[in-house]
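Everything below belongs to structure.cif, which stores mmCIF, C-alpha atoms (C1' of nucleotides).
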```
data_upload
#
loop_
_atom_site.group_PDB
_atom_site.id
_atom_site.type_symbol
_atom_site.label_atom_id
_atom_site.label_comp_id
_atom_site.auth_asym_id
_atom_site.auth_seq_id
_atom_site.Cartn_x
_atom_site.Cartn_y
_atom_site.Cartn_z
ATOM 1 C CA MET A 20 77.259 243.599 24.212
ATOM 2 C CA VAL A 21 78.416 241.158 26.901
ATOM 3 C CA THR A 22 75.596 240.467 29.378
ATOM 4 C CA PHE A 23 76.056 239.395 32.983
ATOM 5 C CA GLU A 24 73.676 237.542 35.242
ATOM 6 C CA LYS A 25 73.344 237.865 38.993
ATOM 7 C CA PHE A 26 74.252 234.211 39.574
ATOM 8 C CA VAL A 27 77.738 234.801 38.286
ATOM 9 C CA LEU A 28 78.883 235.243 41.868
ATOM 10 C CA GLU A 29 79.424 232.205 44.052
ATOM 11 C CA ASP A 30 80.956 231.992 47.512
ATOM 12 C CA THR A 31 84.113 230.326 46.276
ATOM 13 C CA GLY A 32 87.167 232.508 45.862
ATOM 14 C CA PRO A 33 87.757 236.228 45.311
ATOM 15 C CA ILE A 34 85.072 238.109 43.393
ATOM 16 C CA TYR A 35 87.501 239.727 40.947
ATOM 17 C CA LEU A 36 88.752 236.269 39.914
ATOM 18 C CA GLN A 37 85.192 235.043 39.396
ATOM 19 C CA ILE A 38 84.542 237.968 37.066
ATOM 20 C CA ILE A 39 87.725 237.278 35.110
ATOM 21 C CA ARG A 40 86.732 233.645 34.814
ATOM 22 C CA TYR A 41 83.222 234.514 33.666
ATOM 23 C CA ILE A 42 84.593 236.625 30.814
ATOM 24 C CA LYS A 43 87.148 234.016 29.821
ATOM 25 C CA GLN A 44 84.573 231.242 29.911
ATOM 26 C CA GLY A 45 82.298 233.255 27.645
ATOM 27 C CA ILE A 46 85.139 233.792 25.203
ATOM 28 C CA ALA A 47 86.223 230.159 25.300
ATOM 29 C CA ALA A 48 82.657 228.960 24.746
ATOM 30 C CA GLY A 49 82.178 231.348 21.807
ATOM 31 C CA ALA A 50 79.412 233.268 23.559
ATOM 32 C CA ILE A 51 81.581 236.397 23.647
ATOM 33 C CA GLY A 52 83.218 237.545 20.421
ATOM 34 C CA ASP A 53 85.840 240.066 19.373
ATOM 35 C CA GLN A 54 85.308 243.832 19.788
ATOM 36 C CA GLU A 55 82.207 243.315 21.908
ATOM 37 C CA GLU A 56 81.178 246.030 24.330
ATOM 38 C CA ILE A 57 81.386 245.061 28.002
ATOM 39 C CA PRO A 58 79.434 246.697 30.851
ATOM 40 C CA SER A 59 80.930 249.795 32.464
ATOM 41 C CA ARG A 60 82.547 249.435 35.898
ATOM 42 C CA ARG A 61 79.657 251.248 37.528
ATOM 43 C CA ALA A 62 76.924 249.360 35.671
ATOM 44 C CA LEU A 63 78.365 245.935 36.497
ATOM 45 C CA SER A 64 79.003 247.044 40.054
ATOM 46 C CA ALA A 65 75.313 247.917 40.451
ATOM 47 C CA LEU A 66 74.098 244.744 38.739
ATOM 48 C CA LEU A 67 76.189 242.376 40.854
ATOM 49 C CA GLY A 68 75.962 244.389 44.074
ATOM 50 C CA VAL A 69 79.729 244.644 44.257
ATOM 51 C CA ASN A 70 82.049 247.583 44.852
ATOM 52 C CA PRO A 71 83.221 249.414 41.682
ATOM 53 C CA ASN A 72 86.838 249.010 42.780
ATOM 54 C CA THR A 73 86.468 245.236 42.640
ATOM 55 C CA ILE A 74 85.190 245.420 39.050
ATOM 56 C CA GLN A 75 88.038 247.782 38.144
ATOM 57 C CA LYS A 76 90.543 245.299 39.533
ATOM 58 C CA ALA A 77 89.133 242.504 37.377
ATOM 59 C CA TYR A 78 88.982 244.660 34.234
ATOM 60 C CA HIS A 79 92.475 246.001 34.823
ATOM 61 C CA LEU A 80 93.906 242.480 35.020
ATOM 62 C CA LEU A 81 91.982 241.456 31.898
ATOM 63 C CA GLU A 82 93.484 244.416 30.067
ATOM 64 C CA GLU A 83 96.998 243.491 31.214
ATOM 65 C CA GLU A 84 96.376 240.032 29.742
ATOM 66 C CA GLY A 85 95.250 241.606 26.470
ATOM 67 C CA VAL A 86 91.686 240.278 26.650
ATOM 68 C CA ILE A 87 89.961 243.674 26.726
ATOM 69 C CA THR A 88 90.895 247.259 25.827
ATOM 70 C CA SER A 89 90.033 250.392 27.806
ATOM 71 C CA ARG A 90 90.311 254.065 26.791
ATOM 72 C CA SER A 91 89.801 256.716 29.433
ATOM 73 C CA GLY A 92 86.321 258.163 28.999
ATOM 74 C CA ALA A 93 85.120 255.637 26.434
ATOM 75 C CA LYS A 94 83.536 252.220 26.774
ATOM 76 C CA SER A 95 85.582 249.033 27.050
ATOM 77 C CA TYR A 96 85.601 246.263 24.474
ATOM 78 C CA THR A 97 86.826 242.714 24.163
ATOM 79 C CA CYS A 98 89.931 242.188 22.095
ATOM 80 C CA VAL A 99 90.486 238.543 21.174
ATOM 81 C CA ASN A 100 91.722 236.940 17.987
ATOM 82 C CA GLY A 101 91.399 233.262 17.127
ATOM 83 C CA GLU A 102 94.740 232.475 18.684
ATOM 84 C CA THR A 103 93.799 234.041 22.013
ATOM 85 C CA VAL A 104 90.468 232.237 22.067
ATOM 86 C CA GLU A 105 92.197 228.909 21.620
ATOM 87 C CA ARG A 106 94.785 229.719 24.299
ATOM 88 C CA ILE A 107 92.101 230.641 26.842
ATOM 89 C CA ARG A 108 90.040 227.600 25.937
ATOM 90 C CA ARG A 109 92.925 225.203 26.488
ATOM 91 C CA GLU A 110 93.887 226.983 29.693
ATOM 92 C CA LEU A 111 90.433 226.539 31.227
ATOM 93 C CA LEU A 112 89.814 223.026 29.934
ATOM 94 C CA GLU A 113 93.142 221.661 31.091
ATOM 95 C CA ARG A 114 93.115 223.419 34.446
ATOM 96 C CA ASP A 115 89.632 222.266 35.433
ATOM 97 C CA THR A 116 89.911 218.761 34.058
ATOM 98 C CA GLY A 117 93.395 218.301 35.499
ATOM 99 C CA SER A 118 92.187 219.355 38.915
ATOM 100 C CA TRP A 119 89.204 216.992 38.733
ATOM 101 C CA ILE A 120 91.402 214.066 37.675
ATOM 102 C CA ARG A 121 93.764 214.764 40.577
ATOM 103 C CA SER A 122 90.840 214.683 42.997
ATOM 104 C CA MET A 123 89.463 211.437 41.637
ATOM 105 C CA LYS A 124 92.875 209.765 41.844
ATOM 106 C CA GLN A 125 93.348 210.925 45.420
ATOM 107 C CA LEU A 126 89.962 209.433 46.271
ATOM 108 C CA GLY A 127 91.144 206.094 44.903
ATOM 109 C CA LEU A 128 89.149 205.963 41.669
ATOM 110 C CA ASP A 129 90.600 204.654 38.407
ATOM 111 C CA LYS A 130 89.833 206.088 34.989
ATOM 112 C CA ALA A 131 86.831 203.850 34.319
ATOM 113 C CA GLU A 132 85.246 204.498 37.718
ATOM 114 C CA ALA A 133 85.706 208.245 37.426
ATOM 115 C CA VAL A 134 84.205 208.360 33.932
ATOM 116 C CA LYS A 135 81.249 206.259 35.069
ATOM 117 C CA LEU A 136 80.619 208.605 38.004
ATOM 118 C CA ALA A 137 80.816 211.671 35.765
ATOM 119 C CA GLU A 138 78.344 210.160 33.308
ATOM 120 C CA GLU A 139 75.897 209.358 36.127
ATOM 121 C CA LEU A 140 76.070 212.867 37.571
ATOM 122 C CA TRP A 141 76.097 214.702 34.229
ATOM 123 C CA ASP A 142 72.402 215.715 34.209
ATOM 124 C CA MET I 8 99.498 206.853 62.452
ATOM 125 C CA VAL I 9 98.342 209.267 59.764
ATOM 126 C CA THR I 10 101.314 210.501 57.736
ATOM 127 C CA PHE I 11 101.473 213.808 55.899
ATOM 128 C CA GLU I 12 103.569 214.748 52.913
ATOM 129 C CA LYS I 13 105.034 218.137 52.111
ATOM 130 C CA PHE I 14 103.146 218.347 48.824
ATOM 131 C CA VAL I 15 99.864 218.573 50.669
ATOM 132 C CA LEU I 16 99.976 222.339 50.350
ATOM 133 C CA GLU I 17 99.045 224.029 47.093
ATOM 134 C CA ASP I 18 98.526 227.707 46.366
ATOM 135 C CA THR I 19 94.775 227.366 45.983
ATOM 136 C CA GLY I 20 92.643 228.402 48.911
ATOM 137 C CA PRO I 21 93.221 228.707 52.674
ATOM 138 C CA ILE I 22 95.731 226.303 54.208
ATOM 139 C CA TYR I 23 93.396 225.130 56.964
ATOM 140 C CA LEU I 24 90.863 224.007 54.359
ATOM 141 C CA GLN I 25 93.551 222.117 52.450
ATOM 142 C CA ILE I 26 94.483 220.244 55.610
ATOM 143 C CA ILE I 27 90.849 219.389 56.317
ATOM 144 C CA ARG I 28 90.490 218.170 52.773
ATOM 145 C CA TYR I 29 93.639 216.079 52.979
ATOM 146 C CA ILE I 30 92.332 214.261 56.055
ATOM 147 C CA LYS I 31 88.885 213.752 54.556
ATOM 148 C CA GLN I 32 90.345 212.490 51.291
ATOM 149 C CA GLY I 33 92.477 209.992 53.180
ATOM 150 C CA ILE I 34 89.419 208.764 55.066
ATOM 151 C CA ALA I 35 87.281 208.583 51.931
ATOM 152 C CA ALA I 36 90.006 206.675 50.065
ATOM 153 C CA GLY I 37 90.432 204.211 52.923
ATOM 154 C CA ALA I 38 94.029 205.247 53.569
ATOM 155 C CA ILE I 39 93.086 206.569 57.008
ATOM 156 C CA GLY I 40 91.128 204.323 59.342
ATOM 157 C CA ASP I 41 89.268 204.658 62.627
ATOM 158 C CA GLN I 42 91.077 205.499 65.892
ATOM 159 C CA GLU I 43 94.294 206.346 64.069
ATOM 160 C CA GLU I 44 96.765 208.711 65.693
ATOM 161 C CA ILE I 45 97.243 212.007 63.859
ATOM 162 C CA PRO I 46 100.305 214.281 64.127
ATOM 163 C CA SER I 47 100.385 216.800 66.956
ATOM 164 C CA ARG I 48 99.725 220.458 66.117
ATOM 165 C CA ARG I 49 103.368 221.304 66.635
ATOM 166 C CA ALA I 50 104.719 218.339 64.664
ATOM 167 C CA LEU I 51 102.535 218.988 61.612
ATOM 168 C CA SER I 52 103.278 222.694 61.866
ATOM 169 C CA ALA I 53 107.011 221.973 61.630
ATOM 170 C CA LEU I 54 106.612 219.421 58.812
ATOM 171 C CA LEU I 55 104.528 221.687 56.582
ATOM 172 C CA GLY I 56 106.254 224.936 57.546
ATOM 173 C CA VAL I 57 102.961 226.418 58.682
ATOM 174 C CA ASN I 58 101.965 228.255 61.838
ATOM 175 C CA PRO I 59 100.652 226.043 64.689
ATOM 176 C CA ASN I 60 97.536 228.217 64.935
ATOM 177 C CA THR I 61 96.595 227.284 61.378
ATOM 178 C CA ILE I 62 96.862 223.571 62.190
ATOM 179 C CA GLN I 63 94.810 224.108 65.342
ATOM 180 C CA LYS I 64 92.101 225.802 63.310
ATOM 181 C CA ALA I 65 91.894 222.846 60.926
ATOM 182 C CA TYR I 66 91.878 220.252 63.743
ATOM 183 C CA HIS I 67 89.300 222.214 65.712
ATOM 184 C CA LEU I 68 86.922 222.262 62.747
ATOM 185 C CA LEU I 69 87.502 218.557 62.140
ATOM 186 C CA GLU I 70 86.602 217.872 65.775
ATOM 187 C CA GLU I 71 83.433 219.961 65.498
ATOM 188 C CA GLU I 72 82.462 217.796 62.530
ATOM 189 C CA GLY I 73 83.132 214.660 64.588
ATOM 190 C CA VAL I 74 85.964 213.388 62.382
ATOM 191 C CA ILE I 75 88.661 213.470 65.077
ATOM 192 C CA THR I 76 88.732 213.566 68.889
ATOM 193 C CA SER I 77 91.043 215.670 71.059
ATOM 194 C CA ARG I 78 91.703 215.474 74.807
ATOM 195 C CA SER I 79 93.719 218.210 76.450
ATOM 196 C CA GLY I 80 97.247 216.927 77.004
ATOM 197 C CA ALA I 81 96.848 213.693 75.054
ATOM 198 C CA LYS I 82 97.279 212.864 71.384
ATOM 199 C CA SER I 83 94.457 213.239 68.873
ATOM 200 C CA TYR I 84 92.842 210.391 66.988
ATOM 201 C CA THR I 85 90.508 209.906 64.075
ATOM 202 C CA CYS I 86 86.960 208.940 64.913
ATOM 203 C CA VAL I 87 85.030 207.628 61.928
ATOM 204 C CA ASN I 88 82.546 204.790 61.586
ATOM 205 C CA GLY I 89 81.458 203.244 58.308
ATOM 206 C CA GLU I 90 78.558 205.648 58.020
ATOM 207 C CA THR I 91 80.787 208.703 58.337
ATOM 208 C CA VAL I 92 83.252 207.343 55.790
ATOM 209 C CA GLU I 93 80.491 206.909 53.259
ATOM 210 C CA ARG I 94 79.106 210.382 53.948
ATOM 211 C CA ILE I 95 82.501 212.031 53.460
ATOM 212 C CA ARG I 96 83.170 209.985 50.347
ATOM 213 C CA ARG I 97 79.919 211.008 48.704
ATOM 214 C CA GLU I 98 80.449 214.614 49.761
ATOM 215 C CA LEU I 99 83.843 214.841 48.076
ATOM 216 C CA LEU I 100 82.957 212.826 44.978
ATOM 217 C CA GLU I 101 79.783 214.748 44.253
ATOM 218 C CA ARG I 102 81.206 218.159 45.035
ATOM 219 C CA ASP I 103 84.284 217.776 42.836
ATOM 220 C CA THR I 104 82.563 216.002 39.984
ATOM 221 C CA GLY I 105 79.608 218.356 40.062
ATOM 222 C CA SER I 106 81.904 221.354 39.888
ATOM 223 C CA TRP I 107 83.854 219.850 36.974
ATOM 224 C CA ILE I 108 80.653 219.061 35.072
ATOM 225 C CA ARG I 109 79.445 222.626 35.579
ATOM 226 C CA SER I 110 82.710 223.959 34.159
ATOM 227 C CA MET I 111 82.599 221.715 31.121
ATOM 228 C CA LYS I 112 79.005 222.698 30.371
ATOM 229 C CA GLN I 113 79.844 226.385 30.676
ATOM 230 C CA LEU I 114 82.671 225.859 28.219
ATOM 231 C CA GLY I 115 80.197 224.392 25.752
ATOM 232 C CA LEU I 116 81.155 220.719 25.952
ATOM 233 C CA ASP I 117 78.596 217.919 25.907
ATOM 234 C CA LYS I 118 78.878 214.713 27.903
ATOM 235 C CA ALA I 119 80.768 212.784 25.220
ATOM 236 C CA GLU I 120 83.274 215.556 24.578
ATOM 237 C CA ALA I 121 83.957 216.046 28.276
ATOM 238 C CA VAL I 122 84.483 212.335 28.859
ATOM 239 C CA LYS I 123 86.818 212.131 25.880
ATOM 240 C CA LEU I 124 88.863 215.060 27.175
ATOM 241 C CA ALA I 125 89.090 213.521 30.633
ATOM 242 C CA GLU I 126 90.268 210.198 29.205
ATOM 243 C CA GLU I 127 92.947 211.948 27.139
ATOM 244 C CA LEU I 128 94.262 213.930 30.107
ATOM 245 C CA TRP I 129 93.988 211.122 32.666
ATOM 246 C CA ASP I 130 97.679 210.089 32.661
ATOM 247 C "C1'" DA O 18 78.421 273.436 24.502
ATOM 248 C "C1'" DT O 19 76.542 270.841 27.838
ATOM 249 C "C1'" DA O 20 75.092 266.964 30.311
ATOM 250 C "C1'" DA O 21 75.616 262.180 31.119
ATOM 251 C "C1'" DC O 22 78.523 258.622 31.132
ATOM 252 C "C1'" DT O 23 83.091 256.733 30.902
ATOM 253 C "C1'" DG O 24 87.865 255.175 32.825
ATOM 254 C "C1'" DT O 25 91.060 256.162 36.416
ATOM 255 C "C1'" DA O 26 92.842 257.389 40.901
ATOM 256 C "C1'" DT O 27 92.989 258.365 45.967
ATOM 257 C "C1'" DT O 28 92.225 257.656 50.962
ATOM 258 C "C1'" DA O 29 90.141 255.256 54.643
ATOM 259 C "C1'" DT O 30 87.970 251.269 56.961
ATOM 260 C "C1'" DA O 31 86.771 246.351 57.854
ATOM 261 C "C1'" DT O 32 87.353 241.481 57.686
ATOM 262 C "C1'" DG O 33 89.561 236.894 57.039
ATOM 263 C "C1'" DA O 34 93.786 234.268 56.707
ATOM 264 C "C1'" DC O 35 98.194 233.618 58.379
ATOM 265 C "C1'" DT O 36 102.148 234.421 61.248
ATOM 266 C "C1'" DA O 37 104.661 235.188 65.700
ATOM 267 C "C1'" DA O 38 105.508 234.542 70.421
ATOM 268 C "C1'" DC O 39 103.985 233.285 74.193
ATOM 269 C "C1'" DA O 40 101.487 231.031 78.481
ATOM 270 C "C1'" DC O 41 98.934 227.396 80.989
ATOM 271 C "C1'" DA O 42 97.227 222.929 82.309
ATOM 272 C "C1'" DC O 43 96.889 218.227 81.243
ATOM 273 C "C1'" DT O 44 98.721 213.353 79.922
ATOM 274 C "C1'" DC O 45 102.007 210.048 79.359
ATOM 275 C "C1'" DC O 46 106.358 207.642 79.945
ATOM 276 C "C1'" DT O 47 110.522 206.613 82.521
ATOM 277 C "C1'" DA P 22 108.054 212.617 91.002
ATOM 278 C "C1'" DG P 23 109.613 214.777 87.001
ATOM 279 C "C1'" DG P 24 110.131 216.075 82.329
ATOM 280 C "C1'" DA P 25 108.797 215.944 77.609
ATOM 281 C "C1'" DG P 26 105.102 216.328 74.756
ATOM 282 C "C1'" DT P 27 100.270 217.462 74.282
ATOM 283 C "C1'" DG P 28 95.883 220.408 73.577
ATOM 284 C "C1'" DT P 29 94.282 224.999 74.304
ATOM 285 C "C1'" DG P 30 94.197 230.073 74.740
ATOM 286 C "C1'" DT P 31 95.765 234.917 74.202
ATOM 287 C "C1'" DT P 32 97.644 239.059 72.083
ATOM 288 C "C1'" DA P 33 99.715 241.401 68.332
ATOM 289 C "C1'" DG P 34 101.034 242.157 63.628
ATOM 290 C "C1'" DT P 35 100.994 241.556 58.337
ATOM 291 C "C1'" DC P 36 98.752 240.861 53.980
ATOM 292 C "C1'" DA P 37 94.948 240.291 50.576
ATOM 293 C "C1'" DT P 38 90.242 241.149 49.700
ATOM 294 C "C1'" DA P 39 86.390 244.070 49.657
ATOM 295 C "C1'" DT P 40 83.909 248.181 50.828
ATOM 296 C "C1'" DA P 41 82.955 253.313 51.095
ATOM 297 C "C1'" DA P 42 83.180 257.915 49.550
ATOM 298 C "C1'" DT P 43 85.094 260.826 46.660
ATOM 299 C "C1'" DA P 44 87.501 263.382 42.823
ATOM 300 C "C1'" DC P 45 89.133 264.354 38.114
ATOM 301 C "C1'" DA P 46 89.632 264.169 33.160
ATOM 302 C "C1'" DG P 47 88.252 262.161 28.780
ATOM 303 C "C1'" DT P 48 84.281 260.536 25.396
ATOM 304 C "C1'" DT P 49 80.030 260.672 23.497
ATOM 305 C "C1'" DA P 50 75.313 261.989 22.217
ATOM 306 C "C1'" DT P 51 71.906 265.496 22.182
#
```

For this file, write the structure as structure tokens.
Amino acid sequence: MVTFEKFVLEDTGPIYLQIIRYIKQGIAAGAIGDQEEIPSRRALSALLGVNPNTIQKAYHLLEEEGVITSRSGAKSYTCVNGETVERIRRELLERDTGSWIRSMKQLGLDKAEAVKLAEELWD
Amino acid sequence: MVTFEKFVLEDTGPIYLQIIRYIKQGIAAGAIGDQEEIPSRRALSALLGVNPNTIQKAYHLLEEEGVITSRSGAKSYTCVNGETVERIRRELLERDTGSWIRSMKQLGLDKAEAVKLAEELWD
DNA sequence: ATAACTGTATTATATGACTAACACACTCCT
DNA sequence: AGGAGTGTGTTAGTCATATAATACAGTTAT
């Protein structure tokens, strides 16, 4: 069973994208496996204090991407093989790291300076 | 004179925030100095293909933060002392790096793995 | 079977971001 | 003085996001 926490939601970007990202991050990190039950639309809506339609939008997009499966009336489950896990993992790693590198370059840092800063701020 | 490039605009987030960020990044990187002329609302609007109201919103917020000055009828200029530059620089460096570190941790990477990935993707 | 829960769908409303098309007053240069 | 360019303000419209209040049919467990 995939568990959510309240602090999933930040004030950056659309809520439905944050939910999609949370699921993908869990899968990429290995915390969420294959054929795992995920919370119902209504349950997650109540937990996060968000409208059910917003949850539905996130789940619907995840299903279109083949990450979860939904049958009318039944619970929804994750649906990820090893290949998919690796694809999602690379997608997130490269997108986030690429965006950070771009920022550091635009701020005038070279590779060594950026790495040093990251190591200082890591904890 | 502060110069803009077309590639300033990406598809991530509101345009007015991207413009604010572009100015701040230029200041933090030292590419934009004090009392430098910035493009008029109309000129930047035409260059970026964006509505003048959107530029005005970005400039207005920058003025509220004390980064630029505007006088009705005259051109607008940057307004940053050494203290402000350092504040903006720390703000951007810590925000971006902190957000990247958070992502890497959520994906299950430790400090060494994250640094290695960043070095591989740097170029 | 029946009750509770599930996914799915519909209609309406509100807000923020962005665009469009103006209008006005001020500054600067010739 | 006059005109071009400037900052500023207003009104209206579109689109995406999110909410609110329902409704219906399928499944699951008792």

For CA of His79 in chain A and CA of Trp107 in chain I, the interatomic separation in Å (one decimal)
27.6 Å

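Residues of chain P lying within 7 Å of chain A, counting only C-alpha atoms (C1' of nucleotides), are DT40, DG47 and DT48 of chain P.
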
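In this structure, CA of Val134 in chain A sits 15.1 Å away from CA of Arg102 in chain I.
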
Given the PyMOL selection byres ((chain O and resi 25) around 9), the residues it picks as number ranges by chain
A: 91; O: 24, 26; P: 45-46

Using only C-alpha atoms, determine which residues of chain A fall within 8 Å of chain I; present them as JSON, numbers by chain.
{"A": [32, 44, 45, 47, 48, 108, 112, 113, 115, 116, 117, 119, 120, 122, 123, 125, 126, 127, 130, 134, 136, 137, 138, 140, 141]}

Between C1' of DA50 in chain P and C1' of DA18 in chain O, what is the spacing in Å?
12.1 Å

Cut-off 10 Å: closest chain O/chain I atom pairs per residue, using all atoms listed in the file, as CSV:
```
residue,atom,partner,partner_atom,distance
O:DG33,C1',I:Pro21,CA,10.0
O:DA34,C1',I:Pro21,CA,6.9
O:DC35,C1',I:Thr61,CA,7.2
O:DT36,C1',I:Asn58,CA,6.2
O:DA37,C1',I:Asn58,CA,8.4
O:DA42,C1',I:Gly80,CA,8.0
O:DC43,C1',I:Gly80,CA,4.4
O:DT44,C1',I:Gly80,CA,4.8
O:DC45,C1',I:Ala81,CA,7.6
```

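Of the listed residues O:DA40, O:DC46, O:DA29, O:DA21, the one whose atoms come nearest to DT29 in chain P is O:DA40, with distances taken using all atoms listed in the file.
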
Under the PyMOL selection byres ((chain P and resi 22) around 12), which residues of this model are included? Write them out as a PyMOL selection string.
(chain O and resi 47) or (chain P and resi 23-24)

Got a sec to write range 40-107 of chain I of the block to a file, C-alpha atoms, as a CSV table (one decimal), in the first residue's frame?
```
chain,number,residue,atom,x,y,z
I,40,GLY,CA,25.7,46.3,-12.8
I,41,ASP,CA,24.3,49.3,-10.8
I,42,GLN,CA,22.5,52.1,-12.6
I,43,GLU,CA,22.2,50.2,-15.8
I,44,GLU,CA,19.5,51.0,-18.3
I,45,ILE,CA,16.9,48.3,-18.8
I,46,PRO,CA,14.7,47.8,-21.9
I,47,SER,CA,11.4,49.7,-21.9
I,48,ARG,CA,8.2,47.7,-21.3
I,49,ARG,CA,7.2,48.0,-24.9
I,50,ALA,CA,10.7,47.2,-26.3
I,51,LEU,CA,11.1,44.0,-24.2
I,52,SER,CA,7.5,43.1,-24.9
I,53,ALA,CA,8.2,43.2,-28.7
I,54,LEU,CA,11.5,41.3,-28.3
I,55,LEU,CA,10.1,38.4,-26.3
I,56,GLY,CA,6.7,38.3,-28.0
I,57,VAL,CA,5.0,38.8,-24.7
I,58,ASN,CA,2.2,41.2,-23.7
I,59,PRO,CA,3.4,44.6,-22.3
I,60,ASN,CA,1.3,44.0,-19.2
I,61,THR,CA,3.3,40.9,-18.3
I,62,ILE,CA,6.5,42.9,-18.5
I,63,GLN,CA,5.0,45.7,-16.4
I,64,LYS,CA,4.1,43.1,-13.8
I,65,ALA,CA,7.7,41.8,-13.6
I,66,TYR,CA,9.2,45.3,-13.5
I,67,HIS,CA,6.7,46.5,-10.9
I,68,LEU,CA,7.6,43.6,-8.6
I,69,LEU,CA,11.3,44.3,-9.1
I,70,GLU,CA,10.8,47.9,-8.2
I,71,GLU,CA,8.9,46.9,-5.0
I,72,GLU,CA,11.9,44.7,-4.1
I,73,GLY,CA,14.2,47.7,-4.7
I,74,VAL,CA,16.1,46.1,-7.6
I,75,ILE,CA,15.2,48.7,-10.2
I,76,THR,CA,13.9,52.3,-10.2
I,77,SER,CA,11.2,53.7,-12.4
I,78,ARG,CA,10.1,57.3,-13.0
I,79,SER,CA,7.0,58.1,-15.0
I,80,GLY,CA,8.0,59.1,-18.5
I,81,ALA,CA,11.7,58.3,-18.1
I,82,LYS,CA,13.7,55.1,-18.7
I,83,SER,CA,14.2,52.5,-15.9
I,84,TYR,CA,17.5,51.6,-14.3
I,85,THR,CA,18.9,49.0,-12.1
I,86,CYS,CA,19.5,50.0,-8.5
I,87,VAL,CA,21.7,47.5,-6.6
I,88,ASN,CA,24.5,48.1,-4.1
I,89,GLY,CA,27.1,45.5,-3.1
I,90,GLU,CA,24.9,44.3,-0.2
I,91,THR,CA,21.9,43.7,-2.5
I,92,VAL,CA,24.0,41.8,-5.0
I,93,GLU,CA,25.3,39.5,-2.3
I,94,ARG,CA,21.7,39.0,-0.9
I,95,ILE,CA,20.3,38.0,-4.3
I,96,ARG,CA,23.3,35.8,-5.1
I,97,ARG,CA,22.9,33.8,-1.9
I,98,GLU,CA,19.1,33.7,-2.4
I,99,LEU,CA,19.4,32.1,-5.8
I,100,LEU,CA,22.3,29.8,-5.0
I,101,GLU,CA,20.8,28.4,-1.9
I,102,ARG,CA,17.3,28.1,-3.3
I,103,ASP,CA,18.4,26.2,-6.4
I,104,THR,CA,21.0,24.0,-4.7
I,105,GLY,CA,18.7,23.2,-1.8
I,106,SER,CA,15.9,22.2,-4.1
I,107,TRP,CA,18.3,19.9,-6.1
```
